[in-house]
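Trainee: Next up is a structure, given as C-alpha coordinates.
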Amino acid sequence: MKTTVDINYNELRKTANRNRIKILDMVYAGDSGHVGGALSAVDIITYFGEYVIDYDSKERDRFLLSKGHAVPALYAELHELGYIRDEELDTFRKINSRLQGHTNLIKLPQTDYTSGLLGQGLSYGVGMALAKRLKKSKNMIYVMTGDGEMHEGQIWEALMEAGHYKLDNLVLIIDRNGLCSHQPVENVLNP
(Lines give C-alpha, C1' and ligand atoms only; values in the text may rest on other atoms or scores of the structure.)
Protein backbone atom coordinates (compact mmCIF):
# COMPACT_ATOMS: atom_id res chain seq x y z
CA MET A 1 0.00 0.00 0.00
CA LYS A 2 1.14 3.52 -0.67
CA THR A 3 2.12 5.56 2.33
CA THR A 4 -0.83 6.92 4.24
CA VAL A 5 -1.77 10.35 3.01
CA ASP A 6 -4.80 12.54 3.35
CA ILE A 7 -7.08 12.17 0.36
CA ASN A 8 -7.39 15.34 -1.67
CA TYR A 9 -10.92 14.88 -2.99
CA ASN A 10 -10.76 17.85 -5.35
CA GLU A 11 -7.61 16.51 -7.02
CA LEU A 12 -9.03 12.99 -7.10
CA ARG A 13 -12.19 14.28 -8.81
CA LYS A 14 -10.10 16.21 -11.36
CA THR A 15 -7.97 13.14 -12.07
CA ALA A 16 -11.04 10.93 -12.51
CA ASN A 17 -12.52 13.49 -14.91
CA ARG A 18 -9.29 13.54 -16.96
CA ASN A 19 -9.48 9.74 -17.02
CA ARG A 20 -13.08 9.89 -18.30
CA ILE A 21 -11.95 12.00 -21.25
CA LYS A 22 -9.09 9.58 -21.95
CA ILE A 23 -11.56 6.66 -21.95
CA LEU A 24 -13.74 8.37 -24.55
CA ASP A 25 -10.70 9.33 -26.65
CA MET A 26 -9.26 5.79 -26.53
CA VAL A 27 -12.50 4.09 -27.50
CA TYR A 28 -13.05 6.63 -30.29
CA ALA A 29 -9.49 6.15 -31.61
CA GLY A 30 -9.81 2.36 -31.37
CA ASP A 31 -13.22 2.47 -33.04
CA SER A 32 -14.44 -0.05 -30.46
CA GLY A 33 -14.54 -0.72 -26.76
CA HIS A 34 -16.79 -0.79 -23.73
CA VAL A 35 -17.44 2.78 -22.66
CA GLY A 36 -20.15 2.12 -20.06
CA GLY A 37 -18.22 -0.47 -18.06
CA ALA A 38 -15.11 1.71 -18.06
CA LEU A 39 -16.95 4.87 -17.02
CA SER A 40 -18.77 3.09 -14.20
CA ALA A 41 -15.44 1.82 -12.83
CA VAL A 42 -13.24 4.88 -13.34
CA ASP A 43 -13.71 6.51 -9.94
CA ILE A 44 -12.66 3.42 -8.00
CA ILE A 45 -9.79 2.63 -10.36
CA THR A 46 -8.53 6.21 -10.11
CA TYR A 47 -8.70 6.08 -6.31
CA PHE A 48 -6.75 2.81 -6.19
CA GLY A 49 -4.09 4.14 -8.56
CA GLU A 50 -3.68 7.41 -6.71
CA TYR A 51 -3.92 6.20 -3.10
CA VAL A 52 -3.65 2.43 -2.72
CA ILE A 53 -1.54 0.54 -5.26
CA ASP A 54 2.20 1.22 -5.46
CA TYR A 55 2.88 -0.03 -8.99
CA ASP A 56 6.64 0.50 -8.55
CA SER A 57 6.87 -2.07 -5.76
CA LYS A 58 7.33 -5.76 -6.56
CA GLU A 59 5.77 -6.78 -3.22
CA ARG A 60 2.59 -4.74 -3.22
CA ASP A 61 -1.15 -4.79 -3.02
CA ARG A 62 -2.73 -6.02 -6.28
CA PHE A 63 -5.74 -4.77 -8.20
CA LEU A 64 -7.37 -7.28 -10.55
CA LEU A 65 -9.89 -5.99 -13.05
CA SER A 66 -11.98 -9.12 -13.54
CA LYS A 67 -14.36 -7.16 -15.75
CA GLY A 68 -11.46 -6.78 -18.17
CA HIS A 69 -13.54 -5.09 -20.86
CA ALA A 70 -13.49 -1.99 -18.60
CA VAL A 71 -9.74 -1.75 -19.17
CA PRO A 72 -9.80 1.74 -20.73
CA ALA A 73 -10.36 3.06 -17.18
CA LEU A 74 -7.26 1.23 -15.96
CA TYR A 75 -5.21 2.36 -18.97
CA ALA A 76 -6.29 5.96 -18.34
CA GLU A 77 -5.08 5.78 -14.73
CA LEU A 78 -1.84 4.01 -15.69
CA HIS A 79 -1.29 6.85 -18.18
CA GLU A 80 -1.93 9.35 -15.38
CA LEU A 81 0.76 7.57 -13.33
CA GLY A 82 3.27 7.57 -16.20
CA TYR A 83 3.22 3.87 -17.19
CA ILE A 84 1.61 4.56 -20.56
CA ARG A 85 2.93 7.24 -22.93
CA ASP A 86 0.68 9.93 -24.46
CA GLU A 87 1.01 8.63 -28.02
CA GLU A 88 0.25 5.09 -26.88
CA LEU A 89 -3.33 5.95 -25.87
CA ASP A 90 -4.28 6.25 -29.56
CA THR A 91 -3.19 2.64 -30.13
CA PHE A 92 -6.03 1.17 -28.04
CA ARG A 93 -7.22 -2.13 -29.57
CA LYS A 94 -4.83 -1.82 -32.52
CA ILE A 95 -2.72 -4.75 -33.69
CA ASN A 96 0.62 -5.02 -31.82
CA SER A 97 -0.44 -2.45 -29.22
CA ARG A 98 0.09 -3.10 -25.51
CA LEU A 99 -3.35 -1.60 -24.97
CA GLN A 100 -5.71 -4.37 -25.98
CA GLY A 101 -9.42 -4.71 -25.20
CA HIS A 102 -8.77 -6.69 -22.01
CA THR A 103 -6.01 -6.59 -19.40
CA ASN A 104 -2.81 -8.41 -20.35
CA LEU A 105 -0.21 -9.07 -17.68
CA ILE A 106 2.49 -9.90 -20.25
CA LYS A 107 2.12 -6.69 -22.26
CA LEU A 108 1.52 -4.41 -19.27
CA PRO A 109 2.54 -5.91 -15.90
CA GLN A 110 0.77 -3.20 -13.93
CA THR A 111 -2.56 -4.74 -14.94
CA ASP A 112 -1.80 -7.63 -12.50
CA TYR A 113 -4.01 -10.10 -14.37
CA THR A 114 -4.81 -11.25 -17.90
CA SER A 115 -8.57 -11.15 -18.28
CA GLY A 116 -10.85 -12.75 -20.80
CA LEU A 117 -13.98 -14.61 -19.85
CA LEU A 118 -16.01 -13.00 -17.11
CA GLY A 119 -15.90 -14.69 -13.73
CA GLN A 120 -12.28 -15.76 -13.69
CA GLY A 121 -10.73 -12.78 -11.91
CA LEU A 122 -12.07 -13.62 -8.47
CA SER A 123 -10.72 -17.18 -8.67
CA TYR A 124 -7.36 -15.75 -9.68
CA GLY A 125 -7.58 -13.31 -6.77
CA VAL A 126 -8.34 -16.15 -4.33
CA GLY A 127 -5.20 -17.94 -5.52
CA MET A 128 -3.12 -14.79 -5.13
CA ALA A 129 -4.53 -14.16 -1.65
CA LEU A 130 -3.71 -17.73 -0.59
CA ALA A 131 -0.17 -17.37 -1.96
CA LYS A 132 0.34 -14.07 -0.13
CA ARG A 133 -0.87 -15.66 3.09
CA LEU A 134 1.57 -18.57 2.67
CA LYS A 135 4.38 -16.05 2.17
CA LYS A 136 3.16 -14.19 5.29
CA SER A 137 2.73 -11.06 3.16
CA LYS A 138 0.64 -8.22 4.54
CA ASN A 139 -0.40 -7.17 1.04
CA MET A 140 -4.02 -7.07 -0.06
CA ILE A 141 -5.68 -8.40 -3.20
CA TYR A 142 -8.50 -6.24 -4.59
CA VAL A 143 -10.73 -7.71 -7.30
CA MET A 144 -13.27 -5.66 -9.21
CA THR A 145 -16.13 -7.50 -10.89
CA GLY A 146 -19.24 -6.26 -12.60
CA ASP A 147 -22.71 -6.92 -11.25
CA GLY A 148 -23.54 -8.91 -14.39
CA GLU A 149 -20.43 -10.98 -13.77
CA MET A 150 -22.07 -12.17 -10.55
CA HIS A 151 -24.13 -14.51 -12.79
CA GLU A 152 -21.06 -16.67 -13.35
CA GLY A 153 -20.91 -19.89 -11.33
CA GLN A 154 -17.15 -19.57 -10.98
CA ILE A 155 -17.69 -16.39 -8.94
CA TRP A 156 -19.76 -18.27 -6.37
CA GLU A 157 -17.23 -21.09 -6.16
CA ALA A 158 -14.47 -18.54 -5.54
CA LEU A 159 -16.59 -16.80 -2.89
CA MET A 160 -17.10 -20.09 -1.07
CA GLU A 161 -13.38 -20.85 -1.22
CA ALA A 162 -12.49 -17.37 0.06
CA GLY A 163 -14.87 -17.86 2.96
CA HIS A 164 -13.61 -21.36 3.67
CA TYR A 165 -10.02 -20.14 3.92
CA LYS A 166 -11.05 -16.94 5.72
CA LEU A 167 -9.11 -14.77 3.29
CA ASP A 168 -9.04 -11.45 5.09
CA ASN A 169 -6.47 -10.19 2.56
CA LEU A 170 -8.99 -10.37 -0.32
CA VAL A 171 -11.49 -7.62 -1.11
CA LEU A 172 -14.22 -8.00 -3.73
CA ILE A 173 -15.53 -4.79 -5.30
CA ILE A 174 -18.74 -5.19 -7.31
CA ASP A 175 -19.30 -2.43 -9.86
CA ARG A 176 -23.06 -2.10 -9.67
CA ASN A 177 -23.82 -0.30 -12.92
CA GLY A 178 -27.03 -2.28 -13.51
CA LEU A 179 -26.21 -3.42 -17.06
CA CYS A 180 -25.38 -6.80 -18.51
CA SER A 181 -25.35 -7.90 -22.14
CA HIS A 182 -26.97 -4.62 -23.20
CA GLN A 183 -29.90 -4.96 -20.80
CA PRO A 184 -30.57 -4.58 -17.09
CA VAL A 185 -28.85 -7.20 -14.92
CA GLU A 186 -32.16 -8.15 -13.30
CA ASN A 187 -33.64 -9.03 -16.72
CA VAL A 188 -30.94 -11.66 -17.25
CA LEU A 189 -30.83 -13.13 -13.75
CA ASN A 190 -31.74 -11.16 -10.66
CA PRO A 191 -28.92 -11.46 -8.12
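Identifiers for the C-alpha coordinates are assigned positionally: chains receive A, B, ... in sequence, residues are indexed from 1 per chain, and ligands are indexed from 1 in the order shown.
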For the contact check between stretch 39-145 of chain A and stretch 11-25 of chain A, emit one row per residue of stretch 39-145 of chain A within 9 Å, containing the shortest atom pair and the distance in Å rounded to one decimal, counting only C-alpha atoms, chain then rising number order, as a tab-separated table.

Mentor:
```
residue	atom	partner	partner_atom	distance
A:Leu39	CA	A:Arg20	CA	6.5
A:Val42	CA	A:Ala16	CA	6.5
A:Asp43	CA	A:Ala16	CA	5.8
A:Ile44	CA	A:Ala16	CA	8.9
A:Ile45	CA	A:Ala16	CA	8.7
A:Thr46	CA	A:Ala16	CA	5.9
A:Tyr47	CA	A:Leu12	CA	7.0
A:Glu50	CA	A:Leu12	CA	7.7
A:Pro72	CA	A:Ile23	CA	5.4
A:Ala73	CA	A:Ile23	CA	6.1
A:Leu74	CA	A:Asn19	CA	8.9
A:Tyr75	CA	A:Ile23	CA	8.2
A:Ala76	CA	A:Asn19	CA	5.1
A:Glu77	CA	A:Asn19	CA	6.3
A:His79	CA	A:Asn19	CA	8.8
A:Glu80	CA	A:Asn19	CA	7.7
A:Leu89	CA	A:Lys22	CA	7.9
A:Asp90	CA	A:Asp25	CA	7.7
```

Trainee: Check the smallest atom-to-atom distance from each of A:Ala41, A:Leu159, A:Leu105, A:Met140 to A:Glu59 using only C-alpha atoms, then report the winner.

Mentor: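 With only C-alpha atoms as the atom set, the closest residue is A:Met140.
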
Trainee: Using backbone DSSP assignments, extract all alpha helix (DSSP H) residues from stretch 57-120 of chain A; output them as a PDB file with all heavy atoms, in the first residue's frame.

Mentor:
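See out-v7.pdb below for the written result:
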```
ATOM      1  N   VAL A  71     -11.163  -2.095 -19.225  1.00  0.00           N
ATOM      2  CA  VAL A  71      -9.743  -1.752 -19.170  1.00  0.00           C
ATOM      3  C   VAL A  71      -9.395  -0.324 -19.600  1.00  0.00           C
ATOM      4  O   VAL A  71      -8.400   0.209 -19.138  1.00  0.00           O
ATOM      5  CB  VAL A  71      -8.896  -2.790 -19.935  1.00  0.00           C
ATOM      6  CG1 VAL A  71      -9.012  -2.611 -21.447  1.00  0.00           C
ATOM      7  CG2 VAL A  71      -7.448  -2.748 -19.488  1.00  0.00           C
ATOM      8  N   PRO A  72     -10.181   0.355 -20.432  1.00  0.00           N
ATOM      9  CA  PRO A  72      -9.805   1.743 -20.727  1.00  0.00           C
ATOM     10  C   PRO A  72      -9.676   2.604 -19.464  1.00  0.00           C
ATOM     11  O   PRO A  72      -8.837   3.505 -19.413  1.00  0.00           O
ATOM     12  CB  PRO A  72     -10.931   2.242 -21.634  1.00  0.00           C
ATOM     13  CG  PRO A  72     -11.417   1.015 -22.320  1.00  0.00           C
ATOM     14  CD  PRO A  72     -11.313  -0.069 -21.271  1.00  0.00           C
ATOM     15  N   ALA A  73     -10.468   2.308 -18.438  1.00  0.00           N
ATOM     16  CA  ALA A  73     -10.356   3.063 -17.180  1.00  0.00           C
ATOM     17  C   ALA A  73      -9.009   2.805 -16.521  1.00  0.00           C
ATOM     18  O   ALA A  73      -8.372   3.724 -16.002  1.00  0.00           O
ATOM     19  CB  ALA A  73     -11.494   2.696 -16.231  1.00  0.00           C
ATOM     20  N   LEU A  74      -8.560   1.571 -16.549  1.00  0.00           N
ATOM     21  CA  LEU A  74      -7.258   1.233 -15.961  1.00  0.00           C
ATOM     22  C   LEU A  74      -6.123   1.829 -16.794  1.00  0.00           C
ATOM     23  O   LEU A  74      -5.172   2.381 -16.250  1.00  0.00           O
ATOM     24  CB  LEU A  74      -7.101  -0.282 -15.835  1.00  0.00           C
ATOM     25  CG  LEU A  74      -5.838  -0.782 -15.143  1.00  0.00           C
ATOM     26  CD1 LEU A  74      -5.673  -0.196 -13.746  1.00  0.00           C
ATOM     27  CD2 LEU A  74      -5.857  -2.313 -15.080  1.00  0.00           C
ATOM     28  N   TYR A  75      -6.226   1.755 -18.107  1.00  0.00           N
ATOM     29  CA  TYR A  75      -5.207   2.362 -18.965  1.00  0.00           C
ATOM     30  C   TYR A  75      -5.121   3.871 -18.727  1.00  0.00           C
ATOM     31  O   TYR A  75      -4.035   4.443 -18.694  1.00  0.00           O
ATOM     32  CB  TYR A  75      -5.505   2.111 -20.444  1.00  0.00           C
ATOM     33  CG  TYR A  75      -5.364   0.690 -20.917  1.00  0.00           C
ATOM     34  CD1 TYR A  75      -6.053   0.251 -22.038  1.00  0.00           C
ATOM     35  CD2 TYR A  75      -4.544  -0.235 -20.257  1.00  0.00           C
ATOM     36  CE1 TYR A  75      -5.938  -1.044 -22.502  1.00  0.00           C
ATOM     37  CE2 TYR A  75      -4.424  -1.538 -20.711  1.00  0.00           C
ATOM     38  CZ  TYR A  75      -5.125  -1.939 -21.835  1.00  0.00           C
ATOM     39  OH  TYR A  75      -5.002  -3.225 -22.293  1.00  0.00           O
ATOM     40  N   ALA A  76      -6.272   4.509 -18.575  1.00  0.00           N
ATOM     41  CA  ALA A  76      -6.286   5.957 -18.337  1.00  0.00           C
ATOM     42  C   ALA A  76      -5.532   6.290 -17.052  1.00  0.00           C
ATOM     43  O   ALA A  76      -4.719   7.218 -17.021  1.00  0.00           O
ATOM     44  CB  ALA A  76      -7.721   6.470 -18.274  1.00  0.00           C
ATOM     45  N   GLU A  77      -5.773   5.512 -15.993  1.00  0.00           N
ATOM     46  CA  GLU A  77      -5.082   5.775 -14.731  1.00  0.00           C
ATOM     47  C   GLU A  77      -3.599   5.427 -14.835  1.00  0.00           C
ATOM     48  O   GLU A  77      -2.751   6.154 -14.305  1.00  0.00           O
ATOM     49  CB  GLU A  77      -5.743   5.009 -13.579  1.00  0.00           C
ATOM     50  CG  GLU A  77      -5.051   5.186 -12.248  1.00  0.00           C
ATOM     51  CD  GLU A  77      -4.922   6.639 -11.762  1.00  0.00           C
ATOM     52  OE1 GLU A  77      -5.649   7.542 -12.227  1.00  0.00           O
ATOM     53  OE2 GLU A  77      -4.063   6.869 -10.887  1.00  0.00           O
ATOM     54  N   LEU A  78      -3.260   4.347 -15.524  1.00  0.00           N
ATOM     55  CA  LEU A  78      -1.843   4.008 -15.693  1.00  0.00           C
ATOM     56  C   LEU A  78      -1.127   5.082 -16.518  1.00  0.00           C
ATOM     57  O   LEU A  78       0.053   5.362 -16.303  1.00  0.00           O
ATOM     58  CB  LEU A  78      -1.685   2.628 -16.319  1.00  0.00           C
ATOM     59  CG  LEU A  78      -2.095   1.464 -15.414  1.00  0.00           C
ATOM     60  CD1 LEU A  78      -2.054   0.142 -16.182  1.00  0.00           C
ATOM     61  CD2 LEU A  78      -1.220   1.389 -14.168  1.00  0.00           C
ATOM     62  N   HIS A  79      -1.838   5.718 -17.440  1.00  0.00           N
ATOM     63  CA  HIS A  79      -1.286   6.852 -18.176  1.00  0.00           C
ATOM     64  C   HIS A  79      -1.056   8.017 -17.217  1.00  0.00           C
ATOM     65  O   HIS A  79      -0.008   8.660 -17.229  1.00  0.00           O
ATOM     66  CB  HIS A  79      -2.227   7.268 -19.306  1.00  0.00           C
ATOM     67  CG  HIS A  79      -1.817   8.527 -19.982  1.00  0.00           C
ATOM     68  ND1 HIS A  79      -2.340   9.765 -19.630  1.00  0.00           N
ATOM     69  CD2 HIS A  79      -0.917   8.765 -20.972  1.00  0.00           C
ATOM     70  CE1 HIS A  79      -1.789  10.692 -20.384  1.00  0.00           C
ATOM     71  NE2 HIS A  79      -0.922  10.108 -21.206  1.00  0.00           N
ATOM     72  N   GLU A  80      -2.031   8.267 -16.368  1.00  0.00           N
ATOM     73  CA  GLU A  80      -1.927   9.348 -15.380  1.00  0.00           C
ATOM     74  C   GLU A  80      -0.691   9.157 -14.497  1.00  0.00           C
ATOM     75  O   GLU A  80      -0.029  10.113 -14.120  1.00  0.00           O
ATOM     76  CB  GLU A  80      -3.201   9.368 -14.524  1.00  0.00           C
ATOM     77  CG  GLU A  80      -3.371  10.574 -13.668  1.00  0.00           C
ATOM     78  CD  GLU A  80      -3.685  11.841 -14.447  1.00  0.00           C
ATOM     79  OE1 GLU A  80      -4.296  11.798 -15.538  1.00  0.00           O
ATOM     80  OE2 GLU A  80      -3.306  12.914 -13.942  1.00  0.00           O
ATOM     81  N   GLN A 120     -13.544 -15.129 -14.047  1.00  0.00           N
ATOM     82  CA  GLN A 120     -12.282 -15.761 -13.690  1.00  0.00           C
ATOM     83  C   GLN A 120     -11.418 -14.939 -12.742  1.00  0.00           C
ATOM     84  O   GLN A 120     -10.592 -15.481 -12.020  1.00  0.00           O
ATOM     85  CB  GLN A 120     -11.484 -16.089 -14.951  1.00  0.00           C
ATOM     86  CG  GLN A 120     -12.181 -17.110 -15.806  1.00  0.00           C
ATOM     87  CD  GLN A 120     -11.426 -17.454 -17.065  1.00  0.00           C
ATOM     88  OE1 GLN A 120     -10.551 -16.713 -17.506  1.00  0.00           O
ATOM     89  NE2 GLN A 120     -11.760 -18.575 -17.660  1.00  0.00           N
TER      90      GLN A 120
END
```

Trainee: Determine which residues of stretch 62-189 of chain A receive a DSSP assignment of strand (DSSP E or B), computed from the backbone, and state them as a list of chain:residue names.

Mentor: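 The residues of stretch 62-189 of chain A classed as strand (DSSP E or B) are A:Arg62, A:Phe63, A:Leu64, A:Leu65, A:Ile141, A:Tyr142, A:Val143, A:Met144, A:Thr145, A:Gly146, A:Leu170, A:Val171, A:Leu172, A:Ile173, A:Ile174, A:Asp175, A:Leu179, A:Cys180, A:Gln183, A:Pro184.
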
Trainee: Have a look at A:Ile84, A:Ala38, A:Gln154, A:Gln110 and name the one nearest to A:Asp56; count only C-alpha atoms.

Mentor: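 Of the candidates, the smallest distance to A:Asp56 is held by A:Gln110.
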
Trainee: Might you pull out every residue within 12 Å of A:Asn187, with only C-alpha atoms counted and same-chain residues fewer than 6 positions away left off, and present them as a list in words?

Mentor: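 Here the answer would be Gly148, His151, Gly178, Leu179, Cys180 and Ser181 of chain A.
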
Trainee: For the atom pair atom CA of A:Met128 and atom CA of A:Tyr113, what is the interatomic distance in Å to one decimal place?

Mentor: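 Rounded to one decimal, the two atoms are 10.4 Å apart.
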
Trainee: Between A:Asn96, A:Thr91, A:Thr145, A:Asn169, which is the closest to A:Val126 once you count only C-alpha atoms?

Mentor: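 So, comparing all the options, the nearest one is A:Asn169.
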
Trainee: Counting only C-alpha atoms, figure out which residue out of A:Tyr51, A:Gly153, A:Thr103, A:Gly36 gets nearest to A:Val5.

Mentor: A:Tyr51

Trainee: What gap, in Å, lies between atom CA of A:Tyr9 and atom CA of A:Glu88?

Mentor: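 That distance, rounded to one decimal, is 28.1 Å.
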
Trainee: Quick one: distance from atom CA of A:Asp61 to atom CA of A:Thr111 in Å, one decimal?

Mentor: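 Atom-to-atom, atom CA of A:Asp61 to atom CA of A:Thr111, that is 12.0 Å.
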
Trainee: Using only C-alpha atoms, which of A:Phe48, A:Phe92, A:Ile174, A:Asp112 sits nearest A:Ile7?

Mentor: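 Result for the nearest residue to A:Ile7: A:Phe48.
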
Trainee: Restricting the calculation to only C-alpha atoms, which member of A:Gly30, A:Lys138, A:Ala162, A:Leu189 is positioned closest to A:Gly125?

Mentor: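 Of A:Gly30, A:Lys138, A:Ala162, A:Leu189, the one nearest A:Gly125, counting only C-alpha atoms, is A:Ala162.
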